[in-house]
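Participant: For reference, this is start-v3.cif, and it has mmCIF, C-alpha atoms.
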data_query
#
loop_
_atom_site.label_atom_id
_atom_site.label_comp_id
_atom_site.auth_asym_id
_atom_site.auth_seq_id
_atom_site.Cartn_x
_atom_site.Cartn_y
_atom_site.Cartn_z
CA MET A 206 0.00 0.00 0.00
CA ALA A 207 2.88 2.39 0.72
CA ALA A 208 4.20 2.01 -2.82
CA THR A 209 0.74 2.66 -4.18
CA ARG A 210 0.41 5.88 -2.18
CA ALA A 211 3.86 7.05 -3.34
CA ALA A 212 2.96 6.42 -6.93
CA ALA A 213 -0.37 8.16 -6.51
CA GLY A 214 1.28 11.09 -4.79
CA SER A 215 3.92 11.51 -7.52
CA ALA A 216 1.47 11.65 -10.40
CA PRO A 217 0.11 15.14 -9.65
CA VAL A 218 3.65 16.49 -9.29
CA ALA A 219 4.62 15.05 -12.68
CA ASP A 220 1.46 16.47 -14.20
CA ARG A 221 2.18 19.90 -12.78
CA VAL A 222 5.73 19.80 -14.12
CA ALA A 223 4.48 18.75 -17.55
CA ARG A 224 1.84 21.49 -17.61
CA GLY A 225 4.38 24.06 -16.44
CA ALA A 226 6.86 23.00 -19.13
CA GLU A 227 4.16 23.19 -21.79
CA ARG A 228 3.14 26.64 -20.57
CA LEU A 229 6.73 27.88 -20.71
CA LEU A 230 7.13 26.37 -24.19
CA ARG A 231 4.04 28.20 -25.43
CA ILE A 232 5.19 31.47 -23.88
CA ALA A 233 8.64 31.13 -25.45
CA GLY A 234 7.09 30.29 -28.82
CA ASP A 235 4.57 33.13 -28.75
CA GLY A 236 4.89 35.43 -31.73
CA ARG A 237 4.78 38.53 -29.56
CA VAL A 238 7.77 37.34 -27.56
CA ALA A 239 9.67 36.65 -30.79
CA VAL A 240 8.84 40.12 -32.17
CA ALA A 241 9.98 41.77 -28.93
CA LEU A 242 13.27 39.84 -28.93
CA LEU A 243 13.91 40.68 -32.59
CA ALA A 244 13.14 44.36 -31.92
CA VAL A 245 15.64 44.43 -29.04
CA THR A 246 18.25 42.65 -31.18
CA GLY A 247 17.73 45.15 -34.00
CA ALA A 248 18.06 48.08 -31.60
CA VAL A 249 21.30 46.67 -30.17
CA ASN A 250 22.76 46.19 -33.65
CA LEU A 251 21.71 49.71 -34.66
CA ALA A 252 23.35 51.17 -31.58
CA ALA A 253 26.51 49.16 -32.28
CA ALA A 254 26.60 50.53 -35.82
CA LEU A 255 26.13 54.16 -34.77
CA LEU A 256 28.14 54.44 -31.55
CA PRO A 257 31.94 54.69 -31.50
CA GLY A 258 33.42 51.33 -30.62
CA GLY A 259 29.98 49.80 -30.88
CA PRO A 260 30.89 46.68 -32.89
CA SER A 261 33.25 45.54 -30.15
CA ARG A 262 30.35 45.56 -27.70
CA LEU A 263 28.65 42.81 -29.70
CA ASP A 264 31.33 40.47 -28.35
CA ALA A 265 29.92 40.89 -24.84
CA PRO A 266 28.23 37.89 -23.17
CA GLY A 267 24.94 39.78 -22.98
CA TYR A 268 24.63 39.87 -26.76
CA ALA A 269 25.29 36.13 -26.94
CA VAL A 270 22.52 35.58 -24.37
CA LEU A 271 20.17 37.73 -26.46
CA LEU A 272 20.90 35.70 -29.60
CA GLY A 273 20.35 32.53 -27.57
CA LEU A 274 16.92 33.76 -26.48
CA VAL A 275 15.99 34.50 -30.10
CA ALA A 276 17.10 31.00 -31.10
CA LEU A 277 15.18 29.46 -28.18
CA SER A 278 12.05 31.34 -29.21
CA GLY A 279 12.37 29.98 -32.76
CA VAL A 280 12.80 26.40 -31.56
CA ALA A 281 9.83 26.74 -29.21
CA ALA A 282 7.64 28.18 -31.98
CA VAL A 283 8.46 25.22 -34.23
CA ALA A 284 7.79 22.75 -31.42
CA VAL A 285 4.40 24.33 -30.66
CA ARG A 286 3.15 24.96 -34.19
CA ALA A 287 4.42 22.03 -36.25
CA PRO A 288 2.27 19.28 -34.66
CA ALA A 289 -0.87 21.41 -34.87
CA ALA A 290 -0.18 22.30 -38.50
CA TRP A 291 0.29 18.62 -39.35
CA ARG A 292 -2.97 17.58 -37.63
CA GLU A 293 -5.00 20.31 -39.32
CA TRP A 294 -3.57 19.38 -42.71
CA ARG A 295 -4.10 15.62 -42.44
CA ARG A 296 -7.41 15.78 -40.56
CA PRO A 297 -9.40 18.95 -41.39
CA SER A 298 -11.26 20.39 -38.43
CA ALA A 299 -14.47 22.40 -38.16
CA VAL A 300 -14.58 26.03 -39.25
CA HIS A 301 -16.79 28.30 -37.16
CA ALA A 302 -18.42 31.56 -38.15
CA GLY A 303 -16.89 34.74 -36.82
CA SER A 304 -14.37 37.46 -37.57
CA GLY A 305 -12.36 36.71 -40.69
CA ALA A 306 -14.77 34.06 -42.01
CA VAL A 307 -17.15 34.38 -44.98
CA GLU A 308 -20.49 32.58 -45.08
CA THR A 309 -23.27 31.71 -47.47
CA ARG A 310 -26.13 29.25 -47.82
CA LEU A 311 -26.97 26.65 -50.42
CA SER A 312 -29.82 24.24 -50.99
CA HIS A 313 -29.47 20.79 -49.51
CA MET A 314 -27.04 18.19 -50.92
CA ALA A 315 -25.85 14.79 -49.80
CA PRO A 316 -22.56 14.64 -47.83
CA ALA A 317 -20.94 12.37 -50.42
CA GLU A 318 -21.70 14.85 -53.22
CA ILE A 319 -20.27 17.69 -51.16
CA ALA A 320 -17.13 15.70 -50.41
CA ARG A 321 -16.57 14.87 -54.09
CA ALA A 322 -17.11 18.50 -55.13
CA LEU A 323 -14.68 19.85 -52.52
CA ALA A 324 -12.09 17.22 -53.42
CA GLY A 325 -12.41 18.29 -57.05
CA ALA A 326 -11.77 21.89 -55.92
CA GLY A 327 -8.45 20.86 -54.37
CA TYR A 328 -9.55 20.34 -50.77
CA ARG A 329 -8.54 17.52 -48.47
CA VAL A 330 -11.90 16.38 -47.12
CA ARG A 331 -13.15 14.73 -43.95
CA VAL A 332 -16.79 13.76 -43.47
CA GLU A 333 -17.97 13.88 -39.88
CA GLU A 334 -21.19 11.96 -39.29
CA GLY A 335 -23.23 11.40 -36.15
CA ARG A 336 -26.64 10.02 -35.40
CA ARG A 337 -28.53 13.15 -36.34
CA ARG A 338 -25.93 15.65 -37.51
CA TRP A 339 -23.20 15.62 -40.12
CA ALA A 340 -20.61 18.02 -41.50
CA VAL A 341 -18.01 18.06 -44.25
CA HIS A 342 -14.71 19.74 -43.42
CA GLY A 343 -12.06 20.58 -45.96
CA VAL A 344 -8.66 22.25 -46.13
CA ARG A 345 -6.88 23.54 -49.25
CA ARG A 346 -3.14 24.14 -49.29
CA GLY A 347 -2.90 22.86 -45.73
CA TRP A 348 0.81 22.47 -46.28
CA SER A 349 1.21 26.26 -46.53
CA ARG A 350 0.70 26.47 -42.77
CA PHE A 351 4.21 25.08 -42.51
CA ALA A 352 5.42 28.33 -44.10
CA GLY A 353 5.01 29.94 -40.69
CA VAL A 354 7.09 27.15 -39.18
CA LEU A 355 9.66 27.70 -41.92
CA SER A 356 9.90 31.40 -41.04
CA HIS A 357 10.83 30.53 -37.44
CA LEU A 358 13.41 28.03 -38.64
CA ALA A 359 14.80 30.67 -41.02
CA ILE A 360 15.21 33.15 -38.18
CA LEU A 361 16.92 30.43 -36.14
CA ILE A 362 19.32 29.76 -39.04
CA ILE A 363 20.04 33.50 -39.38
CA VAL A 364 20.80 33.77 -35.66
CA LEU A 365 23.05 30.72 -35.91
CA GLY A 366 24.87 32.31 -38.87
CA VAL A 367 25.37 35.54 -36.93
CA ALA A 368 26.70 33.63 -33.94
CA ILE A 369 29.12 31.59 -36.05
CA GLY A 370 30.33 34.72 -37.85
CA ALA A 371 30.86 36.57 -34.58
CA ALA A 372 32.71 33.64 -33.01
CA PHE A 373 34.88 32.48 -35.90
CA GLY A 374 34.87 35.35 -38.42
CA SER A 375 37.61 37.91 -38.89
CA GLU A 376 38.06 41.35 -40.44
CA THR A 377 41.37 42.97 -41.31
CA THR A 378 42.31 46.25 -42.99
CA PHE A 379 45.66 47.10 -44.53
CA SER A 380 47.04 49.65 -46.98
CA LEU A 381 49.26 48.75 -49.91
CA LEU A 382 51.34 50.63 -52.42
CA GLN A 383 51.86 49.26 -55.90
CA GLY A 384 53.97 46.11 -55.68
CA ASP A 385 53.39 45.64 -51.94
CA GLN A 386 51.66 42.58 -50.53
CA ALA A 387 50.02 41.59 -47.25
CA LEU A 388 48.40 38.58 -45.63
CA LEU A 389 44.61 38.42 -45.74
CA ASP A 390 44.36 37.75 -42.02
CA THR A 391 46.34 37.88 -38.80
CA PRO A 392 49.61 35.96 -39.20
CA ARG A 393 49.45 32.41 -37.87
CA ALA A 394 51.19 29.12 -38.44
CA GLY A 395 50.38 27.54 -41.80
CA PHE A 396 48.51 30.58 -43.15
CA SER A 397 49.97 32.08 -46.33
CA ASP A 398 47.05 33.54 -48.32
CA ALA A 399 48.03 37.05 -49.39
CA VAL A 400 47.24 39.78 -51.89
CA ARG A 401 49.57 42.00 -53.91
CA LEU A 402 48.55 45.36 -55.37
CA GLU A 403 49.41 45.58 -59.05
CA GLY A 404 47.83 48.93 -59.80
CA LEU A 405 44.88 51.30 -59.55
CA ASP A 406 43.21 52.49 -62.76
CA ALA A 407 40.93 55.43 -61.99
CA SER A 408 39.10 58.03 -64.01
CA PHE A 409 37.14 61.00 -62.78
CA GLY A 410 34.35 63.04 -64.29
CA ALA A 411 33.10 66.55 -63.69
CA GLY A 412 33.40 67.71 -60.11
CA GLY A 413 35.92 65.01 -59.29
CA ARG A 414 33.30 62.27 -59.21
CA PRO A 415 34.95 58.89 -59.83
CA GLU A 416 33.75 57.13 -62.96
CA ARG A 417 36.02 54.10 -62.77
CA LEU A 418 38.03 52.62 -59.90
CA ASP A 419 39.61 49.37 -61.08
CA THR A 420 42.03 47.83 -58.60
CA THR A 421 44.19 45.07 -60.06
CA VAL A 422 45.54 42.56 -57.55
CA THR A 423 47.23 39.17 -57.50
CA PHE A 424 46.26 36.61 -54.88
CA LEU A 425 49.13 34.48 -53.59
CA ARG A 426 49.49 31.26 -51.64
CA ASP A 427 52.79 29.98 -50.27
CA GLY A 428 54.44 32.94 -52.01
CA ALA A 429 53.29 31.87 -55.49
CA ALA A 430 50.78 33.75 -57.65
CA VAL A 431 47.48 31.86 -57.88
CA GLU A 432 44.97 34.28 -59.36
CA ARG A 433 44.93 37.77 -60.86
CA SER A 434 41.75 39.77 -60.44
CA THR A 435 40.34 43.24 -60.98
CA LEU A 436 38.31 44.55 -58.06
CA ARG A 437 35.70 47.24 -58.49
CA VAL A 438 33.20 49.09 -56.32
CA ASN A 439 30.65 46.53 -55.07
CA GLU A 440 32.62 43.79 -56.84
CA PRO A 441 35.03 42.40 -54.23
CA GLY A 442 37.46 39.60 -54.85
CA SER A 443 37.14 36.17 -53.28
CA PHE A 444 40.06 33.98 -52.33
CA GLY A 445 40.48 31.19 -49.80
CA GLY A 446 37.17 31.96 -48.09
CA TYR A 447 37.96 35.68 -47.77
CA LEU A 448 36.16 38.59 -49.42
CA VAL A 449 38.61 41.37 -50.28
CA HIS A 450 37.18 44.86 -50.82
CA PRO A 451 39.13 47.90 -52.06
CA TRP A 452 38.00 50.23 -49.31
CA THR A 453 39.73 53.59 -49.72
CA TYR A 454 42.41 54.94 -52.01
CA GLY A 455 44.64 57.95 -52.51
CA PRO A 456 47.75 59.28 -54.26
CA ALA A 457 51.34 58.36 -53.53
CA VAL A 458 54.64 59.76 -54.76
CA ARG A 459 57.78 57.92 -55.89
CA LEU A 460 60.82 59.68 -54.48
CA ARG A 461 64.56 59.25 -54.44
CA VAL A 462 66.27 61.04 -51.58
CA GLY A 463 70.00 61.14 -51.03
CA THR A 464 72.70 63.07 -49.30
CA LEU A 465 74.86 65.64 -51.06
CA GLY A 466 77.62 63.03 -50.98
CA GLY A 467 75.56 60.63 -53.06
CA SER A 468 74.33 58.18 -50.35
CA THR A 469 70.75 57.01 -50.90
CA LEU A 470 68.43 57.53 -47.96
CA LEU A 471 65.11 56.69 -49.60
CA ASP A 472 64.05 55.17 -52.89
CA GLY A 473 60.40 54.21 -53.07
CA ALA A 474 56.78 55.27 -52.85
CA ILE A 475 55.36 57.40 -50.04
CA PRO A 476 51.57 57.44 -49.54
CA LEU A 477 49.88 60.80 -49.24
CA ASP A 478 47.37 59.38 -46.79
CA GLY A 479 46.95 62.47 -44.65
CA GLU A 480 45.54 65.92 -45.25
CA ARG A 481 46.94 69.42 -44.89
CA ASP A 482 44.85 72.49 -45.73
CA GLY A 483 42.46 70.26 -47.67
CA ARG A 484 45.23 68.72 -49.78
CA PRO A 485 46.63 65.18 -49.72
CA ALA A 486 49.75 65.08 -47.58
CA GLY A 487 52.25 62.59 -46.20
CA ALA A 488 55.59 62.32 -44.46
CA ALA A 489 58.69 60.15 -44.39
CA ASP A 490 61.14 59.93 -41.49
CA LEU A 491 64.85 59.94 -42.38
CA PRO A 492 66.53 58.93 -39.10
CA THR A 493 70.01 58.79 -40.66
CA ALA A 494 69.78 62.48 -41.55
CA GLY A 495 67.82 63.37 -38.40
CA VAL A 496 65.00 65.03 -40.34
CA THR A 497 61.49 64.37 -41.58
CA LEU A 498 60.39 64.89 -45.16
CA GLY A 499 56.98 66.60 -45.39
CA LEU A 500 55.00 66.17 -48.63
CA ALA A 501 51.83 67.82 -49.92
CA LEU A 502 50.09 67.75 -53.31
CA VAL A 503 49.87 71.46 -54.00
CA ASP A 504 48.17 71.25 -57.42
CA ALA A 505 46.64 67.97 -58.59
CA ASP A 506 45.98 69.30 -62.11
CA THR A 507 49.67 70.02 -62.77
CA ASN A 508 51.06 67.30 -60.45
CA LEU A 509 52.88 69.89 -58.37
CA LEU A 510 54.31 68.47 -55.14
CA GLY A 511 55.44 70.54 -52.18
CA VAL A 512 58.48 69.14 -50.33
CA SER A 513 59.69 70.35 -46.92
CA VAL A 514 62.58 69.24 -44.75
CA VAL A 515 61.70 69.49 -41.05
CA GLY A 516 64.31 69.24 -38.33
CA SER A 517 64.19 69.50 -34.56
CA SER A 518 64.01 73.29 -34.75
CA GLY A 519 61.32 73.45 -37.43
CA VAL A 520 61.24 73.76 -41.22
CA VAL A 521 64.78 73.77 -42.64
CA ASP A 522 63.99 74.23 -46.32
CA SER A 523 61.22 73.63 -48.85
CA THR A 524 60.66 73.45 -52.59
CA ARG A 525 58.16 72.36 -55.22
CA LEU A 526 58.66 69.61 -57.78
CA ARG A 527 56.96 68.12 -60.78
CA PRO A 528 57.52 64.53 -62.05
CA GLY A 529 61.08 64.12 -63.35
CA GLN A 530 62.45 67.14 -61.49
CA SER A 531 65.01 67.13 -58.68
CA ALA A 532 66.21 69.81 -56.31
CA ARG A 533 68.43 70.39 -53.31
CA VAL A 534 66.37 70.79 -50.14
CA GLY A 535 68.49 71.56 -47.13
CA ASP A 536 71.32 69.04 -47.09
CA LEU A 537 69.34 66.55 -49.19
CA GLU A 538 68.94 65.88 -52.90
CA VAL A 539 65.30 65.04 -53.66
CA ARG A 540 64.00 63.72 -57.00
CA LEU A 541 60.30 63.18 -57.84
CA ASP A 542 60.12 60.17 -60.17
CA GLY A 543 56.35 60.26 -60.50
CA PHE A 544 53.01 59.65 -58.90
CA ASP A 545 51.45 56.39 -57.84
CA ALA A 546 48.49 55.31 -55.71
CA TRP A 547 47.81 53.51 -52.43
CA VAL A 548 44.76 51.40 -51.66
CA THR A 549 43.36 50.32 -48.30
CA PHE A 550 41.81 46.87 -48.43
CA LEU A 551 39.21 45.28 -46.19
CA SER A 552 39.65 41.51 -45.90
CA ARG A 553 36.71 39.71 -44.34
CA ARG A 554 36.06 36.07 -43.56
CA ASP A 555 32.59 35.10 -42.32
CA PRO A 556 31.97 31.34 -42.02
CA GLY A 557 28.35 32.05 -41.09
CA MET A 558 27.59 33.88 -44.35
CA SER A 559 26.18 30.78 -46.08
CA LEU A 560 23.78 30.25 -43.18
CA LEU A 561 22.74 33.91 -43.34
CA LEU A 562 21.95 33.56 -47.03
CA LEU A 563 20.11 30.27 -46.45
CA GLY A 564 18.06 31.79 -43.64
CA GLY A 565 17.27 34.88 -45.72
CA VAL A 566 16.09 32.79 -48.65
CA GLY A 567 13.99 30.63 -46.31
CA LEU A 568 12.41 33.69 -44.71
CA CYS A 569 11.53 35.25 -48.08
CA LEU A 570 10.16 31.92 -49.31
CA SER A 571 7.98 31.48 -46.23
CA LEU A 572 6.58 35.00 -46.57
CA ALA A 573 5.86 34.44 -50.26
CA ILE A 574 4.01 31.19 -49.53
CA GLY A 575 2.03 32.76 -46.72
CA LEU A 576 0.98 35.75 -48.83
CA TRP A 577 0.37 34.21 -52.25
CA LEU A 578 -0.56 30.62 -51.39
CA PRO A 579 -2.61 30.94 -48.20
CA ARG A 580 -4.40 28.04 -46.56
CA ARG A 581 -8.20 27.89 -46.98
CA ARG A 582 -10.54 25.97 -44.67
CA VAL A 583 -14.21 25.26 -45.23
CA THR A 584 -17.03 23.52 -43.39
CA VAL A 585 -20.38 22.59 -44.91
CA ARG A 586 -23.14 21.51 -42.53
CA PRO A 587 -26.95 21.40 -42.65
CA SER A 588 -28.76 24.37 -41.17
CA ASP A 589 -32.55 24.06 -41.10
CA ALA A 590 -33.56 23.19 -44.65
CA ASP A 591 -30.38 24.59 -46.26
CA LEU A 592 -26.63 24.08 -46.13
CA ALA A 593 -24.44 26.56 -44.23
CA ILE A 594 -21.04 27.10 -45.80
CA VAL A 595 -18.34 28.76 -43.69
CA LEU A 596 -14.95 29.47 -45.30
CA ARG A 597 -11.97 31.01 -43.60
CA GLY A 598 -8.61 32.16 -44.92
CA GLU A 599 -5.43 33.16 -43.14
CA ARG A 600 -4.83 36.42 -41.33
CA PHE A 601 -5.28 39.53 -43.52
CA ASP A 602 -7.08 37.33 -46.07
CA ARG A 603 -10.78 37.55 -46.87
CA PRO A 604 -11.33 34.83 -49.48
CA THR A 605 -14.59 35.98 -51.03
CA GLU A 606 -13.57 34.78 -54.48
CA GLU A 607 -12.67 31.38 -53.07
CA LEU A 608 -16.14 31.09 -51.53
CA GLU A 609 -17.73 31.84 -54.91
CA ARG A 610 -15.56 29.17 -56.51
CA VAL A 611 -16.60 26.60 -53.89
CA VAL A 612 -20.30 27.46 -54.37
CA GLN A 613 -19.92 27.03 -58.13
CA ARG A 614 -18.30 23.64 -57.61
CA LEU A 615 -21.06 22.52 -55.31
CA GLY A 616 -23.71 23.78 -57.70
CA ALA A 617 -22.12 21.93 -60.62
CA ALA A 618 -22.06 18.70 -58.62
CA ARG A 619 -25.86 18.51 -58.28
#
Is it possible to give me this structure as structure tokens?

Facilitator:
Amino acid sequence: MAATRAAAGSAPVADRVARGAERLLRIAGDGRVAVALLAVTGAVNLAAALLPGGPSRLDAPGYAVLLGLVALSGVAAVAVRAPAAWREWRRPSAVHAGSGAVETRLSHMAPAEIARALAGAGYRVRVEEGRRRWAVHGVRRGWSRFAGVLSHLAILIIVLGVAIGAAFGSETTFSLLQGDQALLDTPRAGFSDAVRLEGLDASFGAGGRPERLDTTVTFLRDGAAVERSTLRVNEPGSFGGYLVHPWTYGPAVRLRVGTLGGSTLLDGAIPLDGERDGRPAGAADLPTAGVTLGLALVDADTNLLGVSVVGSSGVVDSTRLRPGQSARVGDLEVRLDGFDAWVTFLSRRDPGMSLLLLGGVGLCLSLAIGLWLPRRRVTVRPSDADLAIVLRGERFDRPTEELERVVQRLGAAR
């Protein structure tokens, strides 16, 4: 008897736990909860995009918890809705009059005739018969109810893609002069994927608006050239799982700087990646001579470059040069060989991108199915001497034309 009492006493506790778990599952899968979580996630991402240093805050544990709640809501919504959608599709239930339903009446027909007519109209039919009452229930496109389930799965996949990208993705920026090369990611053992800048071909229209910005690069692996590509605006290059974007660009100058005795101090390109009085400017330190070379593009139309030698006490000397010219500046001999360009690249690797695309396609597909191929449910039952027909569509859908089509089918089946 003691064992019987223990078993009897444990049953209500188990039932309460089961009911509580089901209640929590329904709350987590409620559409309003999902909308609220998505709104909060969107606000957090917007703040991260607008505030200084915001993207780094998305690495905080709180954001991971928020994404986890969104994913949990999606899983709960699928768990709650999928069984009900399957039952309603395979075994049509009664449709009751009320808000969102359309109704009409028709002269009496036999249940078998009604079932055949509805089946011919594309409905899955179930005839419910009792001793005195009967009804014919039908559902058309019952499978489209799973589009709502698909939308929750799509959101779950998107969240998973975001989480994978945040955890395992990388983003690197670097600037290159023509002929320079750099790794596509942070240096690590066994990683050798790199890019080399071959040149920038640019043309500008009226007002200085760029008409063409073609960046030619060579992708390398293990020091050997693998692929040559031309990158354009909104047309990044792809190599080894990385997307490489030409981000910003600017002019550079090729200089040869030497001492009056003929020793070479500098022979190469200097990027004009700064700004002075609204003009591109740059600098090069010459520690051997104890000075800094200041450069500024004085006149872009005539390729006139301003050169200054700055020592510890200030500006020592200055001059202006055009391509091919050389001049003595202080105790230095400076020659301007010509102009070049520098390009800043953005190298990005996001292993969650494929999941983001898959989730986006799934979400669009589910919305398209829900809007253009909605589920329709109908019930035909006797009412006094006539037949009452009640037809209901999905939310935001008033299927008056569908009701007319069903009535025509039933009329033709007489």

Participant: Within 10 Å of segment 593-599 of chain A, counting all atoms listed in the file, which residues qualify if same-chain residues fewer than 3 places away don't, as a VMD selection string?

Facilitator: chain A and resid 299 to 313 340 to 345 350 575 to 576 578 to 590 602 to 605 607 to 608 611 to 612

Participant: Which residues, named as in the file, does the PyMOL selection byres ((chain A and resi 511) around 12) pick out? Answer as JSON, numbers by chain.

Facilitator: {"A": [458, 477, 481, 484, 485, 486, 487, 488, 498, 499, 500, 501, 502, 503, 504, 505, 508, 509, 510, 512, 513, 514, 522, 523, 524, 525, 526, 527, 528, 532, 534, 539, 540, 541]}

Participant: Residues near Arg295 of chain A, anyone? I mean within 9 Å using only C-alpha atoms, not counting same-chain ones fewer than 3 positions away, as a list in words.

Facilitator: Ala290, Trp291, Arg292, Arg329, Val344 and Gly347 of chain A

Participant: Mind giving me the straight-line distance from atom CA of Ala352 of chain A to atom CA of Ala282 of chain A in Å, one decimal?

Facilitator: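 It comes out at 12.3 Å.
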
Participant: For this file, the PyMOL selection byres ((chain A and resi 433) around 10) selects which residues, as a list in words?

Facilitator: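 Selected by the PyMOL selection byres ((chain A and resi 433) around 10) here: Val400, Arg401, Glu403, Thr421, Val422, Thr423, Phe424, Leu425, Ala430, Val431, Glu432, Ser434, Thr435, Leu436 and Gly442 of chain A.
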
Participant: Name the residues in contact with segment 228-245 of chain A at a cut-off of 9 Å, using only C-alpha atoms, excluding same-chain residues fewer than 5 positions from it; report them as a ChimeraX atom specification.

Facilitator: /A:223,250,271-272,274-275,277-286

Participant: Pick from A:Glu293, A:Asp472, A:Asp398, A:Glu440: nearest to Gly428 of chain A, with all atoms listed in the file counted?

Facilitator: A:Asp398

Participant: Expand the PyMOL selection byres ((chain A and resi 379) around 8) into the individual residues it matches in the shown file, reporting them as number ranges by chain.

Facilitator: A: 377-378, 380-381, 387, 549-551

Participant: Rank A:Ile319, A:Gly258, A:Ile360, A:Ile369 by their smallest atom-to-atom distance to Gly557 of chain A, using all atoms listed in the file, and report the top residue only.

Facilitator: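 With all atoms listed in the file as the atom set, the closest residue is A:Ile369.
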
Participant: Find the residue from A:Arg461, A:Arg296, A:Arg321, A:Arg331 that sits nearest to Ser531 of chain A; use only C-alpha atoms when measuring.

Facilitator: A:Arg461

Participant: Select from segment 344-424 of chain A every residue with an atom at most 10 Å from any atom of segment 261-264 of chain A, then for each give the shortest pair of atoms and their distance in Å to one decimal, using all atoms listed in the file, rows by chain and rising number, as a tab-separated table.

Facilitator:
residue	atom	partner	partner_atom	distance
A:Ala368	CA	A:Asp264	CA	10.0
A:Ala371	CA	A:Asp264	CA	7.4
A:Ala372	CA	A:Asp264	CA	8.4

Participant: In Å to one decimal, how far is atom CA of Pro556 of chain A from atom CA of Thr420 of chain A?

Facilitator: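 If I compute the distance from atom CA of Thr420 of chain A to atom CA of Pro556 of chain A, I get 25.5 Å.
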
Participant: List as an MDAnalysis selection string the residues having at least one atom at most 9 Å from position (37.1, 42.8, -46.2) as given in the file, counting only C-alpha atoms.

Facilitator: chainID A and resid 375:378 389 441 447:452 550:554

Participant: Do you have the atom CA of Ser408 of chain A-atom CA of Leu460 of chain A distance handy?

Facilitator: 23.8 Å

Participant: Which residue is closest to Phe544 of chain A? Choose from A:Arg224, A:Arg337, A:Arg346, A:Arg459 and count only C-alpha atoms.

Facilitator: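 Going through A:Arg224, A:Arg337, A:Arg346, A:Arg459 one by one, the smallest distance to Phe544 of chain A is for A:Arg459.
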
Participant: Give me the residues within 12 Å of Leu563 of chain A as a PyMOL selection string, counting only C-alpha atoms and dropping any in the same chain fewer than 2 places off.

Facilitator: chain A and resi 355-356+358-366+557-561+565-570

Participant: Could you check the closest approach to Gly446 of chain A for each of A:Gly543, A:Pro266, A:Gly374, A:Arg336 and tell me which residue wins, using only C-alpha atoms?

Facilitator: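 The shortest atom-to-atom distance to Gly446 of chain A comes from A:Gly374.
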